[in-house]
Amino acid sequence: MFLLALVVPLYSQQPAEWQDPSSHLRQFVTVSGNVRLEVLDWGGSGRPLVLLAGGGDTAHVFDEFASKLTADFHVYGVTRRGFGESGFAPASGADTYGDDVLAVLDALKLERPVLVGHSIGGQELSSVATRYPTRVGAVVYLEGGYPYAFDNGKGPTMKEIQDLRGPQPPPPTEADLANFTALRQYFSQVLGFTFPEAELRQQRSASPDGRVGRPRDFPGYSTLTAGMKKYVDIPIPALVFFALPHSLGRWVDSSTDAKVREQAKAYTAALTPLTARQAQLIEDRVPTARVGKIPGAHHYIYLSNEADVIREMRSFLGPLQ
């Protein structure tokens with residue numbers, strides 16, 4: 001979540017006839033307050049696995065990652081309220097998002113699925129796991145094990161983490177915004193990875209000639225962290241990934257600006273011990289958890305280090321099938 005401003009995806013090249021290349025099916029599930037949530041179904045065989053996006057993203061951000069999991073799981077994704085094509089009503093607190101996930105599980109009749117959450121999605125994982133541990137088989141935190149997911153008062157605070165400010169990458173140029181392909185190349189060059197095109201199309205409008213338009217103003221931002229709760233236990237099997245140390249992306253190493261490199265170095269030096277403290281806290285205090293530390297990974301760890309994440313997931317979840 002604290003790196004969200006760095007990498008919120010953009011959106012481009014949108015001819016009217018464009019078709020989503022992903023193999024998923026799409027449906028909408030009504031949860032509390034008559035809010036309809038977008039649910040994607042990539043198919044697959046095996047135990048159900050439900051993907052929950054980070055703050056600001058939609059389930060489409062998993063389009064390419066999900067396809068790598070369908071050999072082992074039946075994979076679904078949920079776009080939380082207030083983002084993308086999902087409806088919106090203000091959340092009364094952290095557990096509202098957890099209740100939304102439970103409502104989707106009920107609607108789809110999923111028995112003890114694996115829940116996988118990126119970033120602030122870890123809040124939903126802990127909400128469900130701590131209140132309804134018999135409803136899910138395991139949880140996987142993709143850079144989502146920060147204090148919004150586990151906080152017993154012994155680790156860093158979210159304020160300490162959020163107060164850190166790293167340098168920002170150069171914005172896309174007019175050439176980068178000319179079309180969708182150019183924008184994807186921009187992210188590849190800046191971050192070292194890019195985003196699924198359907199997710200990019202969720203984030204910004206497009207002009208009639210296919211150029212990148214204005215960002216969409218998702219209403220969900222207003223209550224995303226409202227009523228944040230301190231979860232002090234994770235009572236079911238949990239795999240908790242941390243990028244340790246973090247990477248800000250390829251652009252830092254290629255920057256010719258000495259000030260940028262110094263700012264990045266200072267940011268990493270401040271963030272690394274906080275992340276290490278949180279990881280160690282979970283290792284020490286959560287007996288059900290396995291902590292996976294991936295050096296040099298980005299906050300979007302499942303995109304920057306996809307093969308590492310999938311390998312560890314299969315190793316951890318295989319015996320639980």
# chains A, B, ... in the order shown; residues from 1 in each chain; ligands from 1
>>> select_by_dssp(residues="region 287-320 of chain A", states="alpha helix (DSSP H)", output="PDB file with N, CA and C atoms, in the first residue's frame")
ATOM      1  N   ILE A 301       5.128  -8.078  -5.765  1.00  0.00           N
ATOM      2  CA  ILE A 301       6.066  -9.196  -5.697  1.00  0.00           C
ATOM      3  C   ILE A 301       5.665 -10.337  -6.628  1.00  0.00           C
ATOM      4  N   TYR A 302       4.376 -10.504  -6.850  1.00  0.00           N
ATOM      5  CA  TYR A 302       3.906 -11.592  -7.713  1.00  0.00           C
ATOM      6  C   TYR A 302       4.096 -11.270  -9.192  1.00  0.00           C
ATOM      7  N   LEU A 303       4.416 -10.014  -9.506  1.00  0.00           N
ATOM      8  CA  LEU A 303       4.746  -9.630 -10.868  1.00  0.00           C
ATOM      9  C   LEU A 303       6.255  -9.537 -11.073  1.00  0.00           C
ATOM     10  N   SER A 304       6.948  -8.953 -10.108  1.00  0.00           N
ATOM     11  CA  SER A 304       8.401  -8.810 -10.249  1.00  0.00           C
ATOM     12  C   SER A 304       9.120 -10.133 -10.079  1.00  0.00           C
ATOM     13  N   GLU A 306       7.490 -13.498 -10.154  1.00  0.00           N
ATOM     14  CA  GLU A 306       6.402 -14.456 -10.331  1.00  0.00           C
ATOM     15  C   GLU A 306       6.828 -15.900 -10.091  1.00  0.00           C
ATOM     16  N   ALA A 307       7.937 -16.317 -10.689  1.00  0.00           N
ATOM     17  CA  ALA A 307       8.366 -17.713 -10.578  1.00  0.00           C
ATOM     18  C   ALA A 307       8.684 -18.083  -9.134  1.00  0.00           C
ATOM     19  N   ASP A 308       9.337 -17.185  -8.397  1.00  0.00           N
ATOM     20  CA  ASP A 308       9.662 -17.451  -6.997  1.00  0.00           C
ATOM     21  C   ASP A 308       8.395 -17.617  -6.166  1.00  0.00           C
ATOM     22  N   VAL A 309       7.434 -16.725  -6.377  1.00  0.00           N
ATOM     23  CA  VAL A 309       6.193 -16.769  -5.610  1.00  0.00           C
ATOM     24  C   VAL A 309       5.420 -18.048  -5.903  1.00  0.00           C
ATOM     25  N   ILE A 310       5.297 -18.404  -7.171  1.00  0.00           N
ATOM     26  CA  ILE A 310       4.534 -19.605  -7.523  1.00  0.00           C
ATOM     27  C   ILE A 310       5.217 -20.860  -6.976  1.00  0.00           C
ATOM     28  N   ARG A 311       6.519 -20.920  -7.067  1.00  0.00           N
ATOM     29  CA  ARG A 311       7.239 -22.079  -6.536  1.00  0.00           C
ATOM     30  C   ARG A 311       6.985 -22.245  -5.040  1.00  0.00           C
ATOM     31  N   GLU A 312       7.084 -21.163  -4.278  1.00  0.00           N
ATOM     32  CA  GLU A 312       6.872 -21.242  -2.837  1.00  0.00           C
ATOM     33  C   GLU A 312       5.422 -21.542  -2.495  1.00  0.00           C
ATOM     34  N   MET A 313       4.491 -21.008  -3.270  1.00  0.00           N
ATOM     35  CA  MET A 313       3.094 -21.312  -3.039  1.00  0.00           C
ATOM     36  C   MET A 313       2.813 -22.800  -3.231  1.00  0.00           C
ATOM     37  N   ARG A 314       3.332 -23.358  -4.298  1.00  0.00           N
ATOM     38  CA  ARG A 314       3.106 -24.786  -4.545  1.00  0.00           C
ATOM     39  C   ARG A 314       3.728 -25.634  -3.443  1.00  0.00           C
ATOM     40  N   SER A 315       4.913 -25.264  -3.000  1.00  0.00           N
ATOM     41  CA  SER A 315       5.580 -26.007  -1.933  1.00  0.00           C
ATOM     42  C   SER A 315       4.778 -25.968  -0.637  1.00  0.00           C
ATOM     43  N   PHE A 316       4.250 -24.786  -0.323  1.00  0.00           N
ATOM     44  CA  PHE A 316       3.515 -24.612   0.937  1.00  0.00           C
ATOM     45  C   PHE A 316       2.122 -25.213   0.870  1.00  0.00           C
ATOM     46  N   LEU A 317       1.421 -24.986  -0.228  1.00  0.00           N
ATOM     47  CA  LEU A 317       0.019 -25.406  -0.311  1.00  0.00           C
ATOM     48  C   LEU A 317      -0.149 -26.859  -0.726  1.00  0.00           C
TER      49      LEU A 317
END
>>> closest_atom_pairs(of="region 138-235 of chain A", to="region 34-56 of chain A", cutoff="12 Å", atoms="only C-alpha atoms", output="JSON lines")
{"residue": "A:Ala138", "atom": "CA", "partner": "A:Leu49", "partner_atom": "CA", "distance": 9.4}
{"residue": "A:Val139", "atom": "CA", "partner": "A:Leu49", "partner_atom": "CA", "distance": 9.5}
{"residue": "A:Val140", "atom": "CA", "partner": "A:Leu51", "partner_atom": "CA", "distance": 9.4}
{"residue": "A:Tyr141", "atom": "CA", "partner": "A:Leu52", "partner_atom": "CA", "distance": 9.8}
{"residue": "A:Leu142", "atom": "CA", "partner": "A:Gly54", "partner_atom": "CA", "distance": 9.1}
{"residue": "A:Glu143", "atom": "CA", "partner": "A:Gly54", "partner_atom": "CA", "distance": 9.4}
{"residue": "A:Gly144", "atom": "CA", "partner": "A:Gly54", "partner_atom": "CA", "distance": 8.3}
{"residue": "A:Gly145", "atom": "CA", "partner": "A:Gly54", "partner_atom": "CA", "distance": 12.0}
{"residue": "A:Glu199", "atom": "CA", "partner": "A:Gly56", "partner_atom": "CA", "distance": 10.6}
{"residue": "A:Leu200", "atom": "CA", "partner": "A:Gly56", "partner_atom": "CA", "distance": 11.5}
{"residue": "A:Gln202", "atom": "CA", "partner": "A:Gly56", "partner_atom": "CA", "distance": 10.0}
{"residue": "A:Gln203", "atom": "CA", "partner": "A:Gly56", "partner_atom": "CA", "distance": 8.5}
{"residue": "A:Arg204", "atom": "CA", "partner": "A:Gly56", "partner_atom": "CA", "distance": 11.8}
{"residue": "A:Pro215", "atom": "CA", "partner": "A:Gly56", "partner_atom": "CA", "distance": 11.5}
{"residue": "A:Arg216", "atom": "CA", "partner": "A:Gly56", "partner_atom": "CA", "distance": 10.3}
{"residue": "A:Asp217", "atom": "CA", "partner": "A:Gly56", "partner_atom": "CA", "distance": 9.9}
{"residue": "A:Phe218", "atom": "CA", "partner": "A:Gly56", "partner_atom": "CA", "distance": 7.7}
{"residue": "A:Pro219", "atom": "CA", "partner": "A:Gly56", "partner_atom": "CA", "distance": 9.9}
{"residue": "A:Gly220", "atom": "CA", "partner": "A:Gly56", "partner_atom": "CA", "distance": 8.0}
{"residue": "A:Tyr221", "atom": "CA", "partner": "A:Gly56", "partner_atom": "CA", "distance": 7.2}
{"residue": "A:Ser222", "atom": "CA", "partner": "A:Gly56", "partner_atom": "CA", "distance": 11.0}
{"residue": "A:Thr223", "atom": "CA", "partner": "A:Gly55", "partner_atom": "CA", "distance": 11.0}
{"residue": "A:Leu224", "atom": "CA", "partner": "A:Gly55", "partner_atom": "CA", "distance": 7.5}
{"residue": "A:Thr225", "atom": "CA", "partner": "A:Gly55", "partner_atom": "CA", "distance": 9.4}
>>> atom_distance(atom1="CA of Pro237 (chain A)", atom2="CA of Pro319 (chain A)")
11.1 Å
>>> closest_residue(among="A:Ser127, A:Thr275, A:Thr288, A:Thr30", to="Asp106 (chain A)", atoms="only C-alpha atoms")
A:Thr30
>>> closest_residue(among="A:Pro90, A:Gly249, A:Gly318, A:Gly192", to="Arg261 (chain A)", atoms="only C-alpha atoms")
A:Gly249
>>> atom_distance(atom1="CA of Pro169 (chain A)", atom2="CA of Phe187 (chain A)")
10.2 Å
>>> atom_distance(atom1="CA of Gly137 (chain A)", atom2="CA of Leu244 (chain A)")
26.6 Å
>>> select_by_dssp(residues="region 71-166 of chain A", states="strand (DSSP E or B)", output="PyMOL selection string")
chain A and resi 73-78+114-118+138-142
>>> write_last_selection(atoms="N, CA and C atoms", output="short mmCIF file (atom, residue, chain, number, x, y, z; two decimals), in the first residue's frame")
data_model
loop_
_atom_site.label_atom_id
_atom_site.label_comp_id
_atom_site.auth_asym_id
_atom_site.auth_seq_id
_atom_site.Cartn_x
_atom_site.Cartn_y
_atom_site.Cartn_z
N PHE A 73 -5.07 -25.25 -9.13
CA PHE A 73 -6.20 -24.71 -8.40
C PHE A 73 -7.28 -24.24 -9.37
N HIS A 74 -8.52 -24.14 -8.84
CA HIS A 74 -9.56 -23.43 -9.56
C HIS A 74 -9.51 -22.00 -9.07
N VAL A 75 -9.14 -21.07 -9.96
CA VAL A 75 -8.74 -19.73 -9.55
C VAL A 75 -9.83 -18.69 -9.81
N TYR A 76 -10.12 -17.91 -8.78
CA TYR A 76 -11.07 -16.81 -8.85
C TYR A 76 -10.37 -15.52 -8.43
N GLY A 77 -10.97 -14.39 -8.76
CA GLY A 77 -10.49 -13.10 -8.31
C GLY A 77 -11.66 -12.19 -7.99
N VAL A 78 -11.49 -11.34 -6.98
CA VAL A 78 -12.56 -10.43 -6.55
C VAL A 78 -12.06 -8.99 -6.61
N VAL A 114 -8.28 -21.42 -0.61
CA VAL A 114 -7.09 -20.67 -0.26
C VAL A 114 -7.36 -19.21 -0.64
N LEU A 115 -7.12 -18.29 0.29
CA LEU A 115 -7.24 -16.87 0.01
C LEU A 115 -5.85 -16.29 -0.18
N VAL A 116 -5.67 -15.53 -1.26
CA VAL A 116 -4.38 -14.92 -1.57
C VAL A 116 -4.59 -13.43 -1.74
N GLY A 117 -3.90 -12.61 -0.93
CA GLY A 117 -4.11 -11.18 -0.98
C GLY A 117 -2.82 -10.41 -1.15
N HIS A 118 -2.86 -9.40 -2.02
CA HIS A 118 -1.71 -8.52 -2.22
C HIS A 118 -1.90 -7.23 -1.43
N ALA A 138 -6.28 -21.94 3.93
CA ALA A 138 -4.98 -21.30 4.12
C ALA A 138 -5.06 -19.89 3.56
N VAL A 139 -4.09 -19.06 3.95
CA VAL A 139 -4.00 -17.70 3.45
C VAL A 139 -2.57 -17.43 2.98
N VAL A 140 -2.46 -16.66 1.91
CA VAL A 140 -1.16 -16.30 1.35
C VAL A 140 -1.10 -14.79 1.23
N TYR A 141 -0.15 -14.18 1.92
CA TYR A 141 0.01 -12.72 1.93
C TYR A 141 1.13 -12.34 0.96
N LEU A 142 0.77 -11.66 -0.13
CA LEU A 142 1.74 -11.21 -1.12
C LEU A 142 2.13 -9.77 -0.77
#
>>> residues_around(residues="Lys159 (chain A)", least_positions_apart="4", cutoff="12 Å", atoms="only C-alpha atoms", output="list in words")
Met1, Phe2, Tyr146, Pro147, Tyr148, Gly155, Asp163, Leu164, Arg165 and Leu274 of chain A
>>> residues_around(residues="region 262-273 of chain A", least_positions_apart="3", cutoff="9 Å", atoms="only C-alpha atoms", output="PyMOL selection string")
chain A and resi 161+164-167+244-248+252+257-259+276-278
>>> decode(residues="region 46-182 of chain A", atoms="C-alpha atoms", output="JSON list (two decimals), in the first residue's frame")
[["chain", "number", "residue", "atom", "x", "y", "z"],
["A", 46, "GLY", "CA", -8.16, -28.60, -7.78],
["A", 47, "ARG", "CA", -8.87, -26.65, -4.63],
["A", 48, "PRO", "CA", -10.50, -23.21, -5.06],
["A", 49, "LEU", "CA", -8.12, -20.26, -4.73],
["A", 50, "VAL", "CA", -9.36, -16.67, -4.47],
["A", 51, "LEU", "CA", -7.15, -13.69, -5.37],
["A", 52, "LEU", "CA", -7.65, -10.31, -3.66],
["A", 53, "ALA", "CA", -5.98, -7.25, -5.18],
["A", 54, "GLY", "CA", -4.01, -4.52, -3.49],
["A", 55, "GLY", "CA", -5.31, -1.00, -2.93],
["A", 56, "GLY", "CA", -6.47, 0.70, -6.10],
["A", 57, "ASP", "CA", -6.21, -2.42, -8.25],
["A", 58, "THR", "CA", -8.92, -4.72, -9.57],
["A", 59, "ALA", "CA", -9.01, -8.48, -10.00],
["A", 60, "HIS", "CA", -7.76, -8.00, -13.57],
["A", 61, "VAL", "CA", -4.29, -7.27, -12.20],
["A", 62, "PHE", "CA", -3.98, -11.04, -11.70],
["A", 63, "ASP", "CA", -4.83, -12.00, -15.29],
["A", 64, "GLU", "CA", -1.37, -13.33, -16.13],
["A", 65, "PHE", "CA", -0.47, -14.57, -12.63],
["A", 66, "ALA", "CA", -3.76, -16.47, -12.30],
["A", 67, "SER", "CA", -3.21, -18.38, -15.52],
["A", 68, "LYS", "CA", -0.02, -19.89, -14.00],
["A", 69, "LEU", "CA", -2.03, -21.32, -11.08],
["A", 70, "THR", "CA", -4.86, -23.08, -12.90],
["A", 71, "ALA", "CA", -2.96, -26.37, -13.22],
["A", 72, "ASP", "CA", -3.14, -26.71, -9.42],
["A", 73, "PHE", "CA", -6.20, -24.71, -8.40],
["A", 74, "HIS", "CA", -9.56, -23.43, -9.56],
["A", 75, "VAL", "CA", -8.74, -19.73, -9.55],
["A", 76, "TYR", "CA", -11.07, -16.81, -8.85],
["A", 77, "GLY", "CA", -10.49, -13.10, -8.31],
["A", 78, "VAL", "CA", -12.56, -10.43, -6.55],
["A", 79, "THR", "CA", -12.57, -6.68, -7.21],
["A", 80, "ARG", "CA", -13.29, -5.00, -3.88],
["A", 81, "ARG", "CA", -16.08, -2.48, -3.45],
["A", 82, "GLY", "CA", -15.43, 0.97, -4.84],
["A", 83, "PHE", "CA", -12.90, -0.05, -7.49],
["A", 84, "GLY", "CA", -13.10, -1.01, -11.13],
["A", 85, "GLU", "CA", -16.53, -2.27, -12.16],
["A", 86, "SER", "CA", -17.59, -3.19, -8.61],
["A", 87, "GLY", "CA", -20.26, -1.14, -6.90],
["A", 88, "PHE", "CA", -19.68, 1.04, -3.87],
["A", 89, "ALA", "CA", -21.08, 1.83, -0.47],
["A", 90, "PRO", "CA", -18.77, 3.09, 2.28],
["A", 91, "ALA", "CA", -17.15, 0.37, 4.37],
["A", 92, "SER", "CA", -17.80, 0.71, 8.10],
["A", 93, "GLY", "CA", -14.45, -0.83, 8.96],
["A", 94, "ALA", "CA", -11.87, -3.41, 8.03],
["A", 95, "ASP", "CA", -14.22, -6.31, 8.60],
["A", 96, "THR", "CA", -16.65, -4.98, 5.99],
["A", 97, "TYR", "CA", -14.15, -6.04, 3.34],
["A", 98, "GLY", "CA", -13.77, -9.42, 5.01],
["A", 99, "ASP", "CA", -17.55, -9.83, 5.05],
["A", 100, "ASP", "CA", -17.61, -9.06, 1.33],
["A", 101, "VAL", "CA", -15.14, -11.89, 0.70],
["A", 102, "LEU", "CA", -17.27, -14.28, 2.77],
["A", 103, "ALA", "CA", -20.36, -13.29, 0.80],
["A", 104, "VAL", "CA", -18.55, -14.17, -2.42],
["A", 105, "LEU", "CA", -17.46, -17.54, -0.99],
["A", 106, "ASP", "CA", -21.08, -18.23, -0.05],
["A", 107, "ALA", "CA", -22.43, -17.22, -3.44],
["A", 108, "LEU", "CA", -19.92, -19.41, -5.27],
["A", 109, "LYS", "CA", -20.31, -22.24, -2.73],
["A", 110, "LEU", "CA", -16.55, -22.52, -2.24],
["A", 111, "GLU", "CA", -15.44, -24.98, 0.43],
["A", 112, "ARG", "CA", -12.31, -24.03, 2.41],
["A", 113, "PRO", "CA", -10.58, -22.13, -0.38],
["A", 114, "VAL", "CA", -7.09, -20.67, -0.26],
["A", 115, "LEU", "CA", -7.24, -16.87, 0.01],
["A", 116, "VAL", "CA", -4.38, -14.92, -1.57],
["A", 117, "GLY", "CA", -4.11, -11.18, -0.98],
["A", 118, "HIS", "CA", -1.71, -8.52, -2.22],
["A", 119, "SER", "CA", -0.80, -5.48, -0.10],
["A", 120, "ILE", "CA", -3.90, -4.11, 1.70],
["A", 121, "GLY", "CA", -5.63, -7.33, 0.63],
["A", 122, "GLY", "CA", -3.86, -8.80, 3.66],
["A", 123, "GLN", "CA", -6.41, -6.93, 5.76],
["A", 124, "GLU", "CA", -9.19, -9.01, 4.24],
["A", 125, "LEU", "CA", -7.22, -12.22, 4.73],
["A", 126, "SER", "CA", -6.75, -11.58, 8.44],
["A", 127, "SER", "CA", -10.35, -10.47, 8.87],
["A", 128, "VAL", "CA", -11.65, -13.76, 7.49],
["A", 129, "ALA", "CA", -8.97, -15.99, 9.02],
["A", 130, "THR", "CA", -9.33, -14.65, 12.57],
["A", 131, "ARG", "CA", -13.13, -14.54, 12.67],
["A", 132, "TYR", "CA", -13.99, -17.59, 10.57],
["A", 133, "PRO", "CA", -10.95, -19.90, 10.58],
["A", 134, "THR", "CA", -12.99, -22.93, 9.54],
["A", 135, "ARG", "CA", -14.15, -21.22, 6.34],
["A", 136, "VAL", "CA", -10.76, -21.15, 4.61],
["A", 137, "GLY", "CA", -7.96, -23.67, 4.23],
["A", 138, "ALA", "CA", -4.98, -21.30, 4.12],
["A", 139, "VAL", "CA", -4.00, -17.70, 3.45],
["A", 140, "VAL", "CA", -1.16, -16.30, 1.35],
["A", 141, "TYR", "CA", 0.01, -12.72, 1.93],
["A", 142, "LEU", "CA", 1.74, -11.21, -1.12],
["A", 143, "GLU", "CA", 3.57, -8.29, 0.50],
["A", 144, "GLY", "CA", 0.41, -8.09, 2.57],
["A", 145, "GLY", "CA", 1.66, -9.03, 6.04],
["A", 146, "TYR", "CA", 2.13, -5.49, 7.34],
["A", 147, "PRO", "CA", 0.43, -4.05, 10.47],
["A", 148, "TYR", "CA", -2.99, -3.85, 8.77],
["A", 149, "ALA", "CA", -2.82, -7.67, 8.71],
["A", 150, "PHE", "CA", -0.93, -8.47, 11.93],
["A", 151, "ASP", "CA", -0.29, -6.05, 14.78],
["A", 152, "ASN", "CA", 0.19, -7.16, 18.38],
["A", 153, "GLY", "CA", 1.84, -3.92, 19.41],
["A", 154, "LYS", "CA", 5.38, -5.30, 19.23],
["A", 155, "GLY", "CA", 6.27, -4.42, 15.65],
["A", 156, "PRO", "CA", 6.43, -1.30, 13.50],
["A", 157, "THR", "CA", 3.34, 0.84, 13.04],
["A", 158, "MET", "CA", 1.68, 1.63, 9.74],
["A", 159, "LYS", "CA", 2.46, 5.30, 10.35],
["A", 160, "GLU", "CA", 6.18, 4.55, 10.53],
["A", 161, "ILE", "CA", 5.98, 2.76, 7.19],
["A", 162, "GLN", "CA", 3.66, 5.21, 5.47],
["A", 163, "ASP", "CA", 5.72, 8.22, 6.58],
["A", 164, "LEU", "CA", 8.66, 6.99, 4.50],
["A", 165, "ARG", "CA", 8.96, 8.72, 1.14],
["A", 166, "GLY", "CA", 11.06, 7.34, -1.67],
["A", 167, "PRO", "CA", 11.86, 8.99, -5.00],
["A", 168, "GLN", "CA", 9.29, 8.74, -7.77],
["A", 169, "PRO", "CA", 10.04, 7.45, -11.28],
["A", 170, "PRO", "CA", 9.90, 9.78, -14.26],
["A", 171, "PRO", "CA", 6.32, 10.06, -15.54],
["A", 172, "PRO", "CA", 5.41, 8.64, -18.93],
["A", 173, "THR", "CA", 6.15, 10.92, -21.84],
["A", 174, "GLU", "CA", 3.73, 11.85, -24.59],
["A", 175, "ALA", "CA", 5.25, 9.03, -26.64],
["A", 176, "ASP", "CA", 4.64, 6.59, -23.78],
["A", 177, "LEU", "CA", 0.99, 7.64, -23.71],
["A", 178, "ALA", "CA", 0.48, 7.28, -27.44],
["A", 179, "ASN", "CA", -0.95, 3.77, -27.23],
["A", 180, "PHE", "CA", -1.32, 0.77, -25.01],
["A", 181, "THR", "CA", 1.77, -1.04, -26.29],
["A", 182, "ALA", "CA", 3.96, 1.99, -25.64]]
